[in-house]
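Content type mmCIF, C-alpha atoms, from the file my_file_1.cif:
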```cif
data_input
#
loop_
_atom_site.label_atom_id
_atom_site.label_comp_id
_atom_site.auth_asym_id
_atom_site.auth_seq_id
_atom_site.Cartn_x
_atom_site.Cartn_y
_atom_site.Cartn_z
CA MET A 161 75.36 117.67 101.81
CA THR A 162 78.56 115.69 101.95
CA VAL A 163 82.05 117.10 101.65
CA ILE A 164 84.70 114.50 101.02
CA SER A 165 88.43 114.35 101.22
CA SER A 166 90.58 111.31 100.92
CA THR A 167 94.24 110.59 101.52
CA LYS A 168 96.21 107.66 100.19
CA ASP A 169 99.35 106.34 101.82
CA VAL A 170 100.92 104.09 99.21
CA ASP A 171 103.74 102.88 101.49
CA LYS A 172 101.48 102.02 104.40
CA LEU A 173 98.65 100.69 102.17
CA THR A 174 96.17 102.99 103.88
CA LEU A 175 93.20 104.99 102.68
CA THR A 176 91.74 107.72 104.89
CA PHE A 177 88.32 108.88 103.77
CA VAL A 178 86.47 111.82 105.33
CA ALA A 179 82.82 112.68 104.76
CA GLU A 180 80.39 115.09 106.41
CA PHE A 181 76.70 114.50 106.87
CA ASP A 182 73.86 116.88 107.77
CA ALA A 183 72.75 114.61 110.60
CA PRO A 184 73.65 114.30 114.28
CA VAL A 185 76.30 111.80 115.38
CA GLU A 186 73.72 109.43 116.92
CA ARG A 187 71.91 109.03 113.62
CA VAL A 188 75.10 108.46 111.64
CA TRP A 189 76.16 105.89 114.26
CA ARG A 190 72.96 103.96 113.54
CA VAL A 191 73.95 103.33 109.90
CA TRP A 192 76.77 101.26 111.44
CA SER A 193 75.06 99.78 114.48
CA ASP A 194 71.83 98.68 112.77
CA PRO A 195 72.56 95.83 110.32
CA ARG A 196 69.34 96.54 108.39
CA LYS A 197 70.67 100.06 107.68
CA LEU A 198 74.24 98.86 107.16
CA GLU A 199 73.25 96.41 104.45
CA ARG A 200 71.66 99.21 102.46
CA TRP A 201 75.00 100.92 101.91
CA TRP A 202 77.92 98.55 102.60
CA GLY A 203 77.89 96.82 99.21
CA PRO A 204 78.41 98.69 95.95
CA PRO A 205 75.06 99.48 94.23
CA THR A 206 75.44 96.41 91.98
CA TRP A 207 76.52 94.17 94.91
CA PRO A 208 73.99 94.65 97.76
CA ALA A 209 75.00 93.19 101.12
CA THR A 210 73.07 90.92 103.47
CA PHE A 211 74.28 90.64 107.08
CA GLU A 212 73.39 87.25 108.52
CA ARG A 213 75.17 87.58 111.84
CA TYR A 214 75.88 90.90 113.56
CA GLU A 215 77.32 90.98 117.06
CA PHE A 216 77.92 94.69 117.60
CA GLN A 217 80.31 94.50 120.56
CA PRO A 218 84.08 94.13 121.08
CA GLY A 219 85.06 90.63 119.96
CA GLY A 220 81.74 90.29 118.13
CA GLN A 221 81.51 88.22 114.96
CA VAL A 222 79.89 89.42 111.76
CA ARG A 223 79.04 87.32 108.70
CA TYR A 224 77.71 88.80 105.49
CA PHE A 225 77.51 88.22 101.79
CA MET A 226 77.11 90.47 98.78
CA THR A 227 75.06 89.42 95.78
CA GLY A 228 76.37 90.32 92.35
CA PRO A 229 74.49 91.18 89.16
CA ASP A 230 74.43 87.52 88.04
CA GLY A 231 73.34 86.20 91.43
CA GLU A 232 76.87 85.21 92.46
CA LYS A 233 77.67 85.63 96.15
CA ALA A 234 80.83 87.09 97.72
CA HIS A 235 81.08 86.21 101.42
CA GLY A 236 82.86 88.30 104.02
CA TRP A 237 83.40 88.40 107.75
CA TRP A 238 84.32 90.93 110.40
CA THR A 239 85.62 90.67 113.91
CA ILE A 240 84.66 93.82 115.75
CA THR A 241 87.66 94.94 117.78
CA ALA A 242 86.39 98.15 119.44
CA VAL A 243 83.01 99.81 119.95
CA GLU A 244 82.73 103.18 121.67
CA ALA A 245 79.20 104.36 120.95
CA PRO A 246 78.57 106.71 119.25
CA HIS A 247 82.06 107.84 118.26
CA ARG A 248 84.35 104.98 117.38
CA LEU A 249 84.23 101.56 115.77
CA GLU A 250 87.11 99.27 114.77
CA PHE A 251 86.93 95.98 112.94
CA ASP A 252 88.89 93.48 110.89
CA ASP A 253 87.28 92.64 107.54
CA GLY A 254 88.22 89.58 105.48
CA PHE A 255 87.06 87.24 102.75
CA ALA A 256 85.00 84.20 103.65
CA ASP A 257 84.32 80.89 101.92
CA ASP A 258 80.93 79.74 100.60
CA LYS A 259 79.92 78.68 104.10
CA GLY A 260 80.70 82.21 105.32
CA GLU A 261 83.76 81.26 107.38
CA PRO A 262 87.10 83.16 107.15
CA VAL A 263 89.43 81.98 104.38
CA ASP A 264 92.49 83.31 106.20
CA PRO A 265 92.03 85.07 109.57
CA LYS A 266 95.25 87.05 109.02
CA ASP A 267 94.27 88.28 105.56
CA ILE A 268 92.32 91.31 106.72
CA THR A 269 91.57 94.94 106.14
CA HIS A 270 91.52 96.84 109.42
CA GLY A 271 88.87 99.55 109.54
CA VAL A 272 88.70 102.43 112.02
CA VAL A 273 85.58 104.61 111.95
CA THR A 274 85.43 107.88 113.89
CA LEU A 275 82.37 110.11 114.18
CA GLU A 276 82.70 113.70 115.41
CA ALA A 277 80.06 116.37 115.85
CA THR A 278 80.58 119.46 113.67
CA GLY A 279 78.66 122.73 113.81
CA SER A 280 76.04 121.44 111.40
CA GLY A 281 76.27 117.66 111.55
CA THR A 282 78.77 114.85 111.69
CA ARG A 283 82.21 114.25 110.29
CA MET A 284 82.92 110.59 109.58
CA THR A 285 86.52 109.48 109.09
CA THR A 286 87.24 105.94 107.96
CA VAL A 287 90.79 104.62 107.87
CA SER A 288 91.28 101.36 105.98
CA THR A 289 94.62 99.56 106.28
CA PHE A 290 95.47 96.58 104.08
CA VAL A 291 97.97 93.86 104.94
CA SER A 292 99.24 93.46 101.35
CA ALA A 293 98.86 94.86 97.84
CA GLU A 294 97.21 91.56 96.80
CA GLN A 295 94.57 91.95 99.45
CA LEU A 296 94.01 95.57 98.48
CA GLU A 297 93.59 94.41 94.89
CA ARG A 298 90.87 91.93 95.78
CA MET A 299 89.07 94.50 97.92
CA ALA A 300 89.38 97.19 95.28
CA ALA A 301 88.19 94.96 92.44
CA MET A 302 84.59 95.60 93.38
CA GLY A 303 85.01 99.33 92.92
CA MET A 304 86.43 98.94 89.45
CA GLU A 305 84.58 99.29 86.23
CA GLU A 306 85.06 96.40 83.83
CA GLY A 307 87.65 98.32 81.76
CA MET A 308 89.66 99.29 84.81
CA ARG A 309 89.65 95.67 86.06
CA GLU A 310 90.84 94.48 82.69
CA GLY A 311 93.53 97.17 82.53
CA MET A 312 94.75 96.38 86.04
CA GLY A 313 94.91 92.68 85.16
CA GLN A 314 97.08 93.45 82.13
CA ILE A 315 99.30 95.79 84.14
CA ASP A 316 99.74 93.08 86.81
CA ALA A 317 100.75 90.51 84.21
CA LEU A 318 103.34 92.95 82.84
CA LEU A 319 104.80 93.79 86.24
CA LYS A 320 105.25 90.09 86.95
CA GLU A 321 107.24 89.54 83.72
CA MET B 42 75.20 114.22 97.47
CA VAL B 43 78.89 114.61 96.82
CA VAL B 44 79.74 118.26 96.32
CA GLY B 45 83.46 118.43 96.94
CA SER B 46 86.34 116.12 96.29
CA LEU B 47 90.08 116.40 96.48
CA SER B 48 91.16 113.43 94.43
CA GLY B 49 87.94 112.34 92.73
CA ALA B 50 88.91 114.12 89.52
CA ASP B 51 92.17 112.14 89.33
CA THR B 52 90.32 108.89 89.89
CA ASP B 53 87.80 109.78 87.18
CA ARG B 54 90.63 110.49 84.76
CA VAL B 55 92.20 107.08 85.40
CA PHE B 56 88.87 105.26 85.12
CA HIS B 57 88.05 107.11 81.94
CA ALA B 58 91.50 106.43 80.46
CA LEU B 59 91.28 102.68 81.15
CA ALA B 60 87.70 102.35 79.98
CA ASP B 61 88.73 102.20 76.32
CA ALA B 62 90.25 99.08 74.72
CA THR B 63 92.57 101.04 72.38
CA ARG B 64 93.92 103.08 75.27
CA ARG B 65 94.50 99.95 77.34
CA ASP B 66 96.35 98.45 74.39
CA ILE B 67 98.50 101.57 73.97
CA LEU B 68 99.27 101.59 77.70
CA ILE B 69 100.33 97.94 77.75
CA ARG B 70 102.60 98.49 74.73
CA VAL B 71 104.34 101.55 76.12
CA ILE B 72 104.83 99.95 79.54
CA ARG B 73 106.81 97.24 77.72
CA SER B 74 108.87 99.84 75.87
CA GLY B 75 108.50 103.48 74.88
CA GLN B 76 107.05 104.07 71.41
CA SER B 77 106.62 107.13 69.26
CA VAL B 78 103.14 108.39 68.46
CA SER B 79 103.70 107.58 64.78
CA GLU B 80 104.76 104.01 65.62
CA LEU B 81 101.58 103.65 67.65
CA ALA B 82 99.47 105.24 64.92
CA ARG B 83 100.52 102.52 62.47
CA LEU B 84 99.07 99.84 64.76
CA TYR B 85 95.48 100.99 64.81
CA PRO B 86 92.88 101.48 62.06
CA MET B 87 92.43 105.14 62.90
CA SER B 88 93.99 108.47 62.09
CA PHE B 89 97.21 109.79 63.62
CA ALA B 90 95.14 112.52 65.26
CA ALA B 91 92.82 109.96 66.85
CA VAL B 92 95.77 108.03 68.31
CA GLN B 93 97.24 111.31 69.52
CA LYS B 94 93.97 112.01 71.33
CA HIS B 95 94.07 108.61 73.04
CA VAL B 96 97.65 109.28 74.15
CA ALA B 97 96.57 112.66 75.51
CA VAL B 98 93.84 111.01 77.61
CA LEU B 99 96.40 108.58 79.06
CA GLU B 100 98.76 111.47 79.69
CA ARG B 101 96.12 113.46 81.59
CA ALA B 102 95.58 110.40 83.79
CA ALA B 103 99.39 110.35 84.40
CA LEU B 104 99.52 106.77 83.10
CA VAL B 105 102.01 107.76 80.39
CA SER B 106 104.49 110.56 79.86
CA LYS B 107 106.01 111.94 76.67
CA THR B 108 109.66 112.67 75.97
CA ARG B 109 111.24 114.09 72.86
CA ARG B 110 113.63 112.08 70.68
CA GLY B 111 114.73 114.30 67.79
CA ARG B 112 111.56 115.15 65.89
CA GLU B 113 109.64 112.30 67.50
CA GLN B 114 107.55 112.24 70.67
CA ILE B 115 108.15 109.05 72.63
CA VAL B 116 105.33 107.78 74.84
CA ASN B 117 106.44 105.97 78.01
CA GLY B 118 104.36 103.97 80.50
CA GLU B 119 104.25 105.34 84.05
CA VAL B 120 102.87 102.31 85.85
CA GLY B 121 105.36 100.82 88.30
CA ALA B 122 104.59 98.85 91.44
CA LEU B 123 103.88 101.93 93.59
CA ARG B 124 101.71 103.49 90.94
CA ARG B 125 99.79 100.23 90.76
CA VAL B 126 99.11 100.38 94.51
CA SER B 127 98.07 103.98 94.09
CA LEU B 128 95.57 103.01 91.36
CA LEU B 129 94.18 100.24 93.55
CA LEU B 130 93.71 102.70 96.42
CA ASP B 131 91.88 104.95 93.92
CA ALA B 132 89.55 102.09 93.07
CA TYR B 133 88.98 101.35 96.75
CA GLU B 134 88.30 105.03 97.34
CA GLU B 135 85.56 104.78 94.73
CA ILE B 136 83.87 102.14 96.92
CA TRP B 137 83.86 104.57 99.85
CA ARG B 138 82.57 107.36 97.63
CA GLN B 139 79.60 105.16 96.69
CA ARG B 140 79.08 104.11 100.30
CA VAL B 141 78.95 107.70 101.49
CA GLU B 142 76.41 108.59 98.81
CA GLN B 143 74.26 105.67 99.91
CA ILE B 144 74.58 106.68 103.58
CA SER B 145 73.54 110.23 102.67
CA ALA B 146 70.45 108.89 100.91
CA ILE B 147 69.48 106.85 104.00
CA LEU B 148 70.00 109.85 106.33
CA ASP B 149 68.01 112.10 103.99
CA GLU B 150 64.92 109.89 104.07
CA GLU B 151 64.69 109.71 107.88
#
```

Starting from the file, lay out its structure as structure tokens.
Amino acid sequence: MTVISSTKDVDKLTLTFVAEFDAPVERVWRVWSDPRKLERWWGPPTWPATFERYEFQPGGQVRYFMTGPDGEKAHGWWTITAVEAPHRLEFDDGFADDKGEPVDPKDITHGVVTLEATGSGTRMTTVSTFVSAEQLERMAAMGMEEGMREGMGQIDALLKE
Amino acid sequence: MVVGSLSGADTDRVFHALADATRRDILIRVIRSGQSVSELARLYPMSFAAVQKHVAVLERAALVSKTRRGREQIVNGEVGALRRVSLLLDAYEEIWRQRVEQISAILDEE
């Protein structure tokens, strides 16, 4: 069972997402620490992820790609900035080019993951902070249905007029 | 499985509202300038009531608001820069919602 709450901070470009799992902290930690588990959930269902490089330690480099419905690939990278097993993970997440290398090392989403034991399982809090609305838009695009993407594109064009 | 959600219903309303081409068209028009429901109804090959229903869906998603001008109801777009960021955060939230469901499935099978 998973109970979810989420909080948006429009000014700070931050999303805080809280979920609870019926599993001990150590097991939830493994869905982050084990790249074979991570790649089963990181990408949206239509964009499964493959992690090619996974250095799970502070300063560690991560390279991955997600494969879309038409076989197209979207590359991404992380730099892991903090690991405190099994309670805390922090990383910078950005877009990568076709060779898997960062397009712009400053154009990142910073992620902070916290795991806490509850009476019956684990509470996972993820805080995602974006550097700009444009970056948020590119990150969010994958969560949008076709109609939403189209609508957002039209809204953007209007706001730029 | 997701059993509880604070803002999921809002997100669903926005997704649902934008999923339809007529509603997107109405939204774009009223963001440019407010229009009455009868002005909008003339633009589409459907009944006044059908257009009214589309407007109501947009209104429930808080993408438009209605004001009165004499006997007319004027539909106004409610999508400024901050609202746009808010919608993008909603879409990003949807990604996390899916991720958490997938994590749950992995934990359940162990």

| field | Distance filter 8 Å, all atoms listed in the file, chain B against chain A, as an NGL selection string | value | :B and (42-48 or 56 or 59-62 or 65 or 69 or 72-73 or 120-123 or 125-127 or 129-130 or 132-137 or 139-141 or 143-145 or 147-148)

Next, write the just-selected residues to a file, as a tab-separated table (two decimals), keeping the file's coordinate frame, keeping C-alpha atoms as the atom set.
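Printed below is out39.tsv as written:
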```
chain	number	residue	atom	x	y	z
B	42	MET	CA	75.20	114.22	97.47
B	43	VAL	CA	78.89	114.61	96.82
B	44	VAL	CA	79.74	118.26	96.32
B	45	GLY	CA	83.46	118.43	96.94
B	46	SER	CA	86.34	116.12	96.29
B	47	LEU	CA	90.08	116.40	96.48
B	48	SER	CA	91.16	113.43	94.43
B	56	PHE	CA	88.87	105.26	85.12
B	59	LEU	CA	91.28	102.68	81.15
B	60	ALA	CA	87.70	102.35	79.98
B	61	ASP	CA	88.73	102.20	76.32
B	62	ALA	CA	90.25	99.08	74.72
B	65	ARG	CA	94.50	99.95	77.34
B	69	ILE	CA	100.33	97.94	77.75
B	72	ILE	CA	104.83	99.95	79.54
B	73	ARG	CA	106.81	97.24	77.72
B	120	VAL	CA	102.87	102.31	85.85
B	121	GLY	CA	105.36	100.82	88.30
B	122	ALA	CA	104.59	98.85	91.44
B	123	LEU	CA	103.88	101.93	93.59
B	125	ARG	CA	99.79	100.23	90.76
B	126	VAL	CA	99.11	100.38	94.51
B	127	SER	CA	98.07	103.98	94.09
B	129	LEU	CA	94.18	100.24	93.55
B	130	LEU	CA	93.71	102.70	96.42
B	132	ALA	CA	89.55	102.09	93.07
B	133	TYR	CA	88.98	101.35	96.75
B	134	GLU	CA	88.30	105.03	97.34
B	135	GLU	CA	85.56	104.78	94.73
B	136	ILE	CA	83.87	102.14	96.92
B	137	TRP	CA	83.86	104.57	99.85
B	139	GLN	CA	79.60	105.16	96.69
B	140	ARG	CA	79.08	104.11	100.30
B	141	VAL	CA	78.95	107.70	101.49
B	143	GLN	CA	74.26	105.67	99.91
B	144	ILE	CA	74.58	106.68	103.58
B	145	SER	CA	73.54	110.23	102.67
B	147	ILE	CA	69.48	106.85	104.00
B	148	LEU	CA	70.00	109.85	106.33
```

| request: Identify the residues around (81.0, 102.0, 112.5) within a radius of 8 Å, measuring from all atoms listed in the file in the coordinates stated by the file, and give them as a list of chain:residue names. | output: A:Trp189, A:Val191, A:Trp192, A:Ser193, A:Arg248, A:Leu249, A:Glu250, A:Val272, A:Val273, A:Thr274

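Residue nearest Leu84 in chain B within the list B:Ala97, B:Thr63, B:Ala102, B:Leu128: B:Thr63 [criterion: smallest interatomic distance, all atoms listed in the file].
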
| field | Point-to-point distance from CA of Thr108 in chain B to CA of Val71 in chain B, Å rounded to tenths | value |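 Spanning CA of Thr108 in chain B to CA of Val71 in chain B is a straight-line distance of 12.3 Å.
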
| request: May I ask for the distance between CA of Lys259 in chain A and CA of His235 in chain A, given in Å to one decimal place? | output: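 A separation of 8.1 Å between them.
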
| task | Can you work out which one of B:Phe89, B:His95, B:His57, B:Leu68 has the shortest atom-to-atom distance to Glu119 in chain B, counting all atoms listed in the file? | result |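 Nearest to Glu119 in chain B: B:Leu68.
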
| task | Could you tell me how far CA of Gly271 in chain A lies from CA of Asp252 in chain A, in Å and to one decimal? | result |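 Separation of CA of Gly271 in chain A and CA of Asp252 in chain A: 6.2 Å.
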
| message | Evaluate the PyMOL selection byres ((chain A and resi 210-223) around 7) against this structure - the residues, as a list in words, please. | response |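 Written out, the selection comes to Ser193, Pro195, Glu199, Pro208, Ala209, Tyr224, Phe225, Met226, Gly236, Trp237, Trp238, Thr239, Ile240, Thr241, Ala242, Val243 and Gly260 of chain A.
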
All residues 12 Å or closer to Gly75 in chain B, only C-alpha atoms, same chain fewer than 6 positions away omitted, as a short mmCIF file (atom, residue, chain, number, x, y, z; two decimals) with C-alpha atoms, in the coordinates of the input:
```
data_model
loop_
_atom_site.label_atom_id
_atom_site.label_comp_id
_atom_site.auth_asym_id
_atom_site.auth_seq_id
_atom_site.Cartn_x
_atom_site.Cartn_y
_atom_site.Cartn_z
CA ILE B 67 98.50 101.57 73.97
CA LEU B 68 99.27 101.59 77.70
CA ILE B 69 100.33 97.94 77.75
CA LEU B 81 101.58 103.65 67.65
CA VAL B 105 102.01 107.76 80.39
CA SER B 106 104.49 110.56 79.86
CA LYS B 107 106.01 111.94 76.67
CA THR B 108 109.66 112.67 75.97
CA ARG B 109 111.24 114.09 72.86
CA ARG B 110 113.63 112.08 70.68
CA GLU B 113 109.64 112.30 67.50
CA GLN B 114 107.55 112.24 70.67
CA ILE B 115 108.15 109.05 72.63
CA VAL B 116 105.33 107.78 74.84
CA ASN B 117 106.44 105.97 78.01
CA GLY B 118 104.36 103.97 80.50
CA GLU B 119 104.25 105.34 84.05
#
```

| query | Which one is closest to His270 in chain A: A:Gln295, A:Val287, A:Gly313, A:Val185? Count all atoms listed in the file. | reply | A:Val287

| Selected residue of minimal separation from Arg54 in chain B among B:Arg101, B:Asp66, B:Ala91, B:Arg124, counting only C-alpha atoms |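 Closest candidate: B:Arg101.
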
Missing atoms in range 263-274 of chain A need filling: write out N, CA and C atoms for it as a compact mmCIF listing (two decimals), keeping the file's coordinate frame.
```txt
# COMPACT_ATOMS: atom_id res chain seq x y z
N VAL A 263 88.47 82.73 105.19
CA VAL A 263 89.43 81.98 104.38
C VAL A 263 90.79 81.99 105.06
N ASP A 264 91.21 83.18 105.51
CA ASP A 264 92.49 83.31 106.20
C ASP A 264 92.33 84.43 107.23
N PRO A 265 92.31 84.07 108.53
CA PRO A 265 92.03 85.07 109.57
C PRO A 265 93.06 86.21 109.62
N LYS A 266 94.25 85.98 109.01
CA LYS A 266 95.25 87.05 109.02
C LYS A 266 95.15 87.96 107.80
N ASP A 267 94.39 87.52 106.81
CA ASP A 267 94.27 88.28 105.56
C ASP A 267 93.11 89.28 105.69
N ILE A 268 93.40 90.40 106.33
CA ILE A 268 92.32 91.31 106.72
C ILE A 268 92.59 92.75 106.29
N THR A 269 91.50 93.49 106.21
CA THR A 269 91.57 94.94 106.14
C THR A 269 91.12 95.45 107.51
N HIS A 270 91.94 96.29 108.13
CA HIS A 270 91.52 96.84 109.42
C HIS A 270 90.82 98.18 109.17
N GLY A 271 89.64 98.31 109.72
CA GLY A 271 88.87 99.55 109.54
C GLY A 271 88.71 100.27 110.86
N VAL A 272 88.94 101.59 110.84
CA VAL A 272 88.70 102.43 112.02
C VAL A 272 87.74 103.53 111.59
N VAL A 273 86.60 103.61 112.27
CA VAL A 273 85.58 104.61 111.95
C VAL A 273 85.48 105.58 113.12
N THR A 274 85.57 106.87 112.83
CA THR A 274 85.43 107.88 113.89
C THR A 274 84.34 108.86 113.49
```
